[in-house]
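J.: Following this line is model_21.tsv, made up of TSV, C-alpha atoms and all ligand atoms:
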chain	number	residue	atom	x	y	z
O	1	MET	CA	-40.84	-64.49	176.61
O	2	ASN	CA	-38.43	-66.84	178.42
O	3	ILE	CA	-34.69	-66.27	178.75
O	4	SER	CA	-32.50	-69.39	178.60
O	5	VAL	CA	-28.88	-70.28	179.21
O	6	ASP	CA	-26.65	-72.39	176.90
O	7	ASN	CA	-27.96	-75.73	178.11
O	8	GLY	CA	-31.48	-74.64	177.21
O	9	SER	CA	-32.84	-74.27	180.75
O	10	THR	CA	-34.96	-71.21	181.39
O	11	ILE	CA	-33.60	-68.78	183.97
O	12	ALA	CA	-35.89	-65.77	183.64
O	13	GLU	CA	-39.24	-64.82	182.20
O	14	ARG	CA	-41.02	-61.72	181.05
O	15	LEU	CA	-44.05	-60.80	183.13
O	16	ARG	CA	-46.78	-58.21	183.30
O	17	LEU	CA	-47.75	-57.33	186.84
O	18	ARG	CA	-50.39	-54.84	187.96
O	19	VAL	CA	-49.41	-53.44	191.34
O	20	ASN	CA	-51.26	-50.67	193.15
O	21	GLY	CA	-52.99	-49.69	189.92
O	22	GLU	CA	-49.77	-49.47	187.88
O	23	LYS	CA	-48.73	-51.86	185.11
O	24	HIS	CA	-45.17	-53.19	185.11
O	25	ASP	CA	-43.42	-55.09	182.35
O	26	LEU	CA	-40.58	-57.01	183.98
O	27	ILE	CA	-37.98	-59.66	183.33
O	28	VAL	CA	-37.55	-61.66	186.52
O	29	ALA	CA	-35.57	-64.72	187.57
O	30	LEU	CA	-37.76	-67.82	187.61
O	31	ASN	CA	-36.89	-68.64	191.20
O	32	LYS	CA	-38.12	-65.33	192.62
O	33	THR	CA	-41.26	-65.16	194.73
O	34	LEU	CA	-43.76	-62.35	194.47
O	35	LEU	CA	-42.37	-60.99	197.75
O	36	GLU	CA	-38.89	-60.76	196.23
O	37	VAL	CA	-40.14	-59.18	193.02
O	38	LEU	CA	-42.12	-56.55	194.93
O	39	ARG	CA	-39.19	-55.65	197.13
O	40	GLU	CA	-36.20	-56.11	194.83
O	41	ASP	CA	-37.53	-55.35	191.34
O	42	LEU	CA	-40.28	-52.83	192.13
O	43	LEU	CA	-38.63	-51.42	195.27
O	44	LEU	CA	-41.90	-51.68	197.19
O	45	THR	CA	-40.21	-52.51	200.46
O	46	GLY	CA	-43.28	-51.98	202.66
O	47	THR	CA	-44.08	-55.68	202.35
O	48	LYS	CA	-41.78	-57.47	204.77
O	49	HIS	CA	-39.69	-60.62	204.65
O	50	GLY	CA	-40.41	-62.79	207.66
O	51	CYS	CA	-40.31	-66.55	207.84
O	52	GLU	CA	-40.67	-67.10	204.07
O	53	LEU	CA	-42.48	-70.31	205.00
O	54	GLY	CA	-46.07	-69.12	205.09
O	55	GLU	CA	-46.19	-68.98	208.88
O	56	CYS	CA	-45.92	-65.34	210.01
O	57	GLY	CA	-48.14	-63.28	207.68
O	58	THR	CA	-45.79	-60.32	207.50
O	59	CYS	CA	-45.58	-60.63	203.70
O	60	THR	CA	-49.38	-60.39	203.21
O	61	VAL	CA	-50.58	-58.53	200.13
O	62	LEU	CA	-53.99	-58.48	198.46
O	63	ILE	CA	-54.57	-60.27	195.18
O	64	ASP	CA	-57.91	-59.26	193.68
O	65	GLY	CA	-58.86	-58.13	197.18
O	66	GLU	CA	-57.95	-61.42	198.90
O	67	PRO	CA	-55.07	-61.60	201.39
O	68	MET	CA	-52.26	-63.84	200.16
O	69	LEU	CA	-48.79	-64.63	201.44
O	70	SER	CA	-46.45	-63.18	198.86
O	71	CYS	CA	-43.58	-65.41	200.04
O	72	LEU	CA	-45.53	-68.41	198.72
O	73	VAL	CA	-46.73	-66.91	195.44
O	74	LEU	CA	-44.89	-67.08	192.13
O	75	PRO	CA	-45.27	-63.89	190.12
O	76	ILE	CA	-46.42	-65.81	187.04
O	77	GLU	CA	-49.46	-67.02	189.02
O	78	VAL	CA	-50.71	-63.48	189.55
O	79	GLN	CA	-49.93	-62.01	186.18
O	80	ASP	CA	-52.65	-59.52	185.15
O	81	ARG	CA	-54.37	-59.74	188.54
O	82	GLU	CA	-54.71	-56.73	190.83
O	83	ILE	CA	-51.97	-56.75	193.46
O	84	GLU	CA	-52.22	-54.32	196.37
O	85	THR	CA	-49.41	-53.65	198.81
O	86	VAL	CA	-49.28	-51.50	201.91
O	87	GLU	CA	-48.02	-48.62	199.73
O	88	SER	CA	-51.53	-48.36	198.25
O	89	LEU	CA	-53.26	-47.63	201.56
O	90	ALA	CA	-52.71	-43.87	201.74
O	91	GLN	CA	-54.54	-42.08	198.95
O	92	GLY	CA	-53.95	-38.54	197.74
O	93	GLY	CA	-51.70	-37.81	200.70
O	94	HIS	CA	-54.36	-38.99	203.17
O	95	PRO	CA	-53.59	-41.96	205.39
O	96	HIS	CA	-56.08	-44.83	205.47
O	97	GLU	CA	-58.30	-45.11	208.56
O	98	LEU	CA	-56.30	-48.20	209.57
O	99	GLN	CA	-53.02	-46.29	209.46
O	100	ILE	CA	-54.44	-43.51	211.62
O	101	ALA	CA	-55.95	-45.90	214.15
O	102	PHE	CA	-52.82	-48.09	214.35
O	103	ALA	CA	-50.77	-44.99	215.17
O	104	GLU	CA	-53.29	-43.73	217.75
O	105	PHE	CA	-53.63	-47.05	219.57
O	106	GLY	CA	-49.98	-48.09	219.62
O	107	ALA	CA	-50.90	-51.03	217.40
O	108	SER	CA	-47.59	-50.68	215.62
O	109	GLN	CA	-44.53	-50.96	217.83
O	110	CYS	CA	-41.47	-52.36	216.06
O	111	GLY	CA	-43.73	-52.19	212.98
O	112	TYR	CA	-42.47	-55.34	211.31
O	113	CYS	CA	-45.85	-57.10	211.30
O	114	THR	CA	-47.79	-53.92	210.56
O	115	PRO	CA	-47.94	-53.94	206.74
O	116	GLY	CA	-49.23	-57.51	206.70
O	117	MET	CA	-51.65	-56.84	209.55
O	118	MET	CA	-53.07	-53.78	207.84
O	119	MET	CA	-53.48	-55.49	204.47
O	120	SER	CA	-55.29	-58.41	206.12
O	121	ALA	CA	-57.46	-55.96	208.05
O	122	LYS	CA	-58.21	-53.96	204.91
O	123	ALA	CA	-59.50	-57.08	203.16
O	124	LEU	CA	-61.76	-57.77	206.13
O	125	LEU	CA	-63.16	-54.23	206.33
O	126	ASP	CA	-63.75	-54.19	202.57
O	127	GLU	CA	-65.88	-57.29	203.02
O	128	ILE	CA	-67.57	-56.69	206.40
O	129	GLU	CA	-68.37	-53.12	207.41
O	130	ARG	CA	-68.34	-53.68	211.20
O	131	PRO	CA	-66.76	-57.05	211.97
O	132	SER	CA	-67.09	-58.43	215.49
O	133	ARG	CA	-63.98	-58.87	217.60
O	134	ASP	CA	-64.17	-62.63	217.02
O	135	GLN	CA	-64.35	-62.11	213.27
O	136	ILE	CA	-61.28	-59.85	213.43
O	137	LYS	CA	-59.39	-62.40	215.52
O	138	GLU	CA	-60.27	-65.20	213.15
O	139	HIS	CA	-59.35	-63.16	210.09
O	140	LEU	CA	-55.96	-62.15	211.54
O	141	ALA	CA	-55.10	-65.59	212.87
O	142	GLY	CA	-52.28	-65.95	210.32
O	143	ASN	CA	-50.64	-62.62	211.14
O	144	LEU	CA	-48.22	-62.86	214.05
O	145	CYS	CA	-47.06	-59.95	216.21
O	146	ARG	CA	-44.26	-60.28	218.74
O	147	CYS	CA	-44.66	-56.84	220.34
O	148	THR	CA	-48.19	-55.67	221.03
O	149	GLY	CA	-50.03	-58.57	222.63
O	150	TYR	CA	-52.67	-57.99	219.90
O	151	LEU	CA	-55.14	-55.99	222.02
O	152	GLN	CA	-54.15	-52.62	220.51
O	153	ILE	CA	-54.37	-54.11	217.03
O	154	LEU	CA	-57.92	-55.38	217.63
O	155	GLU	CA	-58.97	-52.03	219.09
O	156	ALA	CA	-57.43	-50.09	216.22
O	157	ILE	CA	-59.24	-52.19	213.62
O	158	GLU	CA	-62.56	-51.77	215.43
O	159	VAL	CA	-62.15	-48.00	215.57
O	160	ALA	CA	-61.08	-47.84	211.92
O	161	ALA	CA	-64.18	-49.84	210.97
O	162	GLU	CA	-66.41	-47.49	212.98
O	163	ARG	CA	-64.88	-44.39	211.37
O	164	ARG	CA	-65.23	-45.84	207.88
O	165	GLU	CA	-68.87	-46.62	208.52
O	166	VAL	CA	-69.54	-43.08	209.78
O	167	ALA	CA	-67.71	-41.61	206.76
O	168	ARG	CA	-69.71	-43.77	204.36
O	169	ARG	CA	-72.99	-42.71	205.92
O	170	THR	CA	-72.18	-39.01	205.89
O	171	PRO	CA	-73.58	-37.68	202.63
O	172	ILE	CA	-70.95	-35.95	200.50
O	173	GLY	CA	-71.38	-32.21	200.83
O	174	ASP	CA	-72.64	-32.24	204.44
O	175	ASP	CA	-69.46	-30.53	205.58
O	176	LEU	CA	-69.88	-27.91	202.89
O	177	GLU	CA	-73.53	-27.37	203.79
O	178	ALA	CA	-72.60	-26.81	207.42
O	179	ASN	CA	-70.43	-23.86	206.34
O	180	ASP	CA	-72.73	-22.66	203.59
O	181	PRO	CA	-74.71	-19.57	204.64
O	182	GLY	CA	-77.42	-20.51	202.10
O	183	GLU	CA	-79.95	-18.03	200.74
O	184	ASP	CA	-80.78	-16.70	204.21
O	185	GLY	CA	-77.13	-16.01	204.82
O	186	VAL	CA	-76.81	-14.15	201.54
O	187	GLU	CA	-79.85	-12.02	202.36
O	188	GLU	CA	-78.55	-11.22	205.84
O	189	VAL	CA	-75.17	-10.19	204.47
O	190	ALA	CA	-76.85	-8.14	201.73
O	191	ALA	CA	-79.15	-6.45	204.24
O	192	GLU	CA	-76.28	-5.36	206.51
Q	201	LIG	S1	-42.74	-64.18	205.20
Q	201	LIG	FE1	-44.50	-64.95	204.24
Q	201	LIG	S2	-45.62	-65.91	205.84
Q	201	LIG	FE2	-43.76	-65.28	206.79
Q	202	LIG	S1	-45.37	-54.48	216.19
Q	202	LIG	FE1	-43.51	-55.66	216.35
Q	202	LIG	S2	-44.07	-57.59	215.55
Q	202	LIG	FE2	-45.94	-56.51	215.63
Please express what this file holds, its structure, as structure tokens.

T.:
Amino acid sequence: MNISVDNGSTIAERLRLRVNGEKHDLIVALNKTLLEVLREDLLLTGTKHGCELGECGTCTVLIDGEPMLSCLVLPIEVQDREIETVESLAQGGHPHELQIAFAEFGASQCGYCTPGMMMSAKALLDEIERPSRDQIKEHLAGNLCRCTGYLQILEAIEVAAERREVARRTPIGDDLEANDPGEDGVEEVAAE
């Protein structure tokens, strides 16, 4: 549905957006970018305004798993596609490996570039389990940081990748088994 003014020109449109697994039915001004809709209409302010020219990467979100600059995307273009913002990283109260590693390594200083950096890095780690440093550098080439000098960011992503790989290879239940006394344990307790 479009909303028009007296002279017949359309000023707003009705949209369905799927963001972080939730469906939203919205009426938004035609001239708004996805970045503006996320921040102003959905109040997901984790995604940052930077240059708004496609040059800094701070507005990066994932669309169907691919990093895209939300300052250059019109919401209508991504209707019914899966949009992920930095707010989706922590799950069930647990921070993502990238969030933990960024904090540990000082990879987030003023923090302005961090949401975009982490969303770009997430897309990479979802595609390549253990990317090389060169692959990380190439993948993050569009994300600018004015504080860190990048080294801490590269290190944090490498460590996050390593931890994810270890977690994936640890069979579910290993932790439980380690604490499970098993049949022998039951017998010992019963015999005491
Ligand atoms: S704000 Fe989108 S690239 Fe800078
Ligand atoms: S941490 Fe400040 S711009 Fe990257």

J.: Please report the interatomic distance between CA of Gly149 in chain O and CA of Pro115 in chain O in Å with one decimal.

T.: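 Separating CA of Gly149 in chain O from CA of Pro115 in chain O is a distance of 16.7 Å.
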
J.: Mind pulling up the distance from CA of Ser88 in chain O to CA of Leu44 in chain O?

T.: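 Atom-to-atom, CA of Leu44 in chain O and CA of Ser88 in chain O are spaced 10.2 Å apart.
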
J.: At a cut-off of 12 Å and counting only C-alpha atoms and all ligand atoms, what residues surround ligand LIG 201 (chain Q)? Please answer as a count of residues only.

T.: 36

J.: Can you find the residues with an atom no farther than 10 Å from (-59.5, -54.9, 219.6), counting only C-alpha atoms, and report them as a list in words?

T.: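 In the file's frame, the residues around the point are Phe105, Ala107, Ser132, Arg133, Asp134, Ile136, Lys137, Tyr150, Leu151, Gln152, Ile153, Leu154, Glu155, Ala156, Ile157, Glu158 and Val159 of chain O.
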
J.: Grab the residues selected above and save them as a PDB file, in the coordinates of the input with C-alpha atoms.

T.:
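What ended up in part13.pdb:
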ATOM      1  CA  PHE O 105     -53.630 -47.050 219.570  1.00  0.00           C
ATOM      2  CA  ALA O 107     -50.900 -51.030 217.400  1.00  0.00           C
ATOM      3  CA  SER O 132     -67.090 -58.430 215.490  1.00  0.00           C
ATOM      4  CA  ARG O 133     -63.980 -58.870 217.600  1.00  0.00           C
ATOM      5  CA  ASP O 134     -64.170 -62.630 217.020  1.00  0.00           C
ATOM      6  CA  ILE O 136     -61.280 -59.850 213.430  1.00  0.00           C
ATOM      7  CA  LYS O 137     -59.390 -62.400 215.520  1.00  0.00           C
ATOM      8  CA  TYR O 150     -52.670 -57.990 219.900  1.00  0.00           C
ATOM      9  CA  LEU O 151     -55.140 -55.990 222.020  1.00  0.00           C
ATOM     10  CA  GLN O 152     -54.150 -52.620 220.510  1.00  0.00           C
ATOM     11  CA  ILE O 153     -54.370 -54.110 217.030  1.00  0.00           C
ATOM     12  CA  LEU O 154     -57.920 -55.380 217.630  1.00  0.00           C
ATOM     13  CA  GLU O 155     -58.970 -52.030 219.090  1.00  0.00           C
ATOM     14  CA  ALA O 156     -57.430 -50.090 216.220  1.00  0.00           C
ATOM     15  CA  ILE O 157     -59.240 -52.190 213.620  1.00  0.00           C
ATOM     16  CA  GLU O 158     -62.560 -51.770 215.430  1.00  0.00           C
ATOM     17  CA  VAL O 159     -62.150 -48.000 215.570  1.00  0.00           C
TER      18      VAL O 159
END

J.: Would you mind telling me which residue in O:Gln79, O:Thr148, O:Gln91, O:Leu26 lies nearest to Gly111 in chain O when using all atoms listed in the file?

T.: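 Among the listed residues, the smallest separation from Gly111 in chain O belongs to O:Thr148.
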
J.: Distance CA of Asp41 in chain O-CA of Phe102 in chain O, one decimal place?

T.: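 Taking CA of Asp41 in chain O as the start and CA of Phe102 in chain O as the end point, the length is 28.6 Å.
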
J.: Determine the nearest neighbour of ligand LIG 202 (chain Q) from the options O:Arg39, O:Arg168, O:Arg163, O:Arg146, counting all atoms listed in the file.

T.: O:Arg146

J.: List every protein, DNA or RNA residue that has an atom no more than 12 Å from (-54.0, -45.6, 199.7) in the file's coordinate frame, counting all atoms listed in the file, and report them as a list in words.

T.: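 Residues satisfying the cut-off, written out: Asn20, Gly21, Glu84, Thr85, Val86, Glu87, Ser88, Leu89, Ala90, Gln91, Gly92, Gly93, His94, Pro95, His96, Glu97, Leu98, Gln99, Met118, Met119 and Lys122 of chain O.
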
J.: What's the 12 Å shell around Lys23 in chain O, counting all atoms listed in the file, without same-chain residues fewer than 2 positions away, as a count of residues only?

T.: 15

J.: Let me make sure I understand: among O:Thr170, O:Leu125, O:Ala29, O:Cys110, which one has the smallest atom-to-atom distance to ligand LIG 202 (chain Q) if we use all atoms listed in the file?

T.: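 Ranking O:Thr170, O:Leu125, O:Ala29, O:Cys110 by distance to ligand LIG 202 (chain Q), first place goes to O:Cys110.
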
J.: Ranking O:Val37, O:Leu30, O:Cys147, O:Leu43 by minimum distance to ligand LIG 202 (chain Q) and counting only C-alpha atoms and all ligand atoms, which one comes first?

T.: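 Going through O:Val37, O:Leu30, O:Cys147, O:Leu43 one by one, the smallest distance to ligand LIG 202 (chain Q) is for O:Cys147.
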
J.: Which is closest to ligand LIG 202 (chain Q) among O:Ile128, O:Ala103, O:Ile63, O:Ala160, if we use only C-alpha atoms and all ligand atoms?

T.: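 Result for the nearest residue to ligand LIG 202 (chain Q): O:Ala103.
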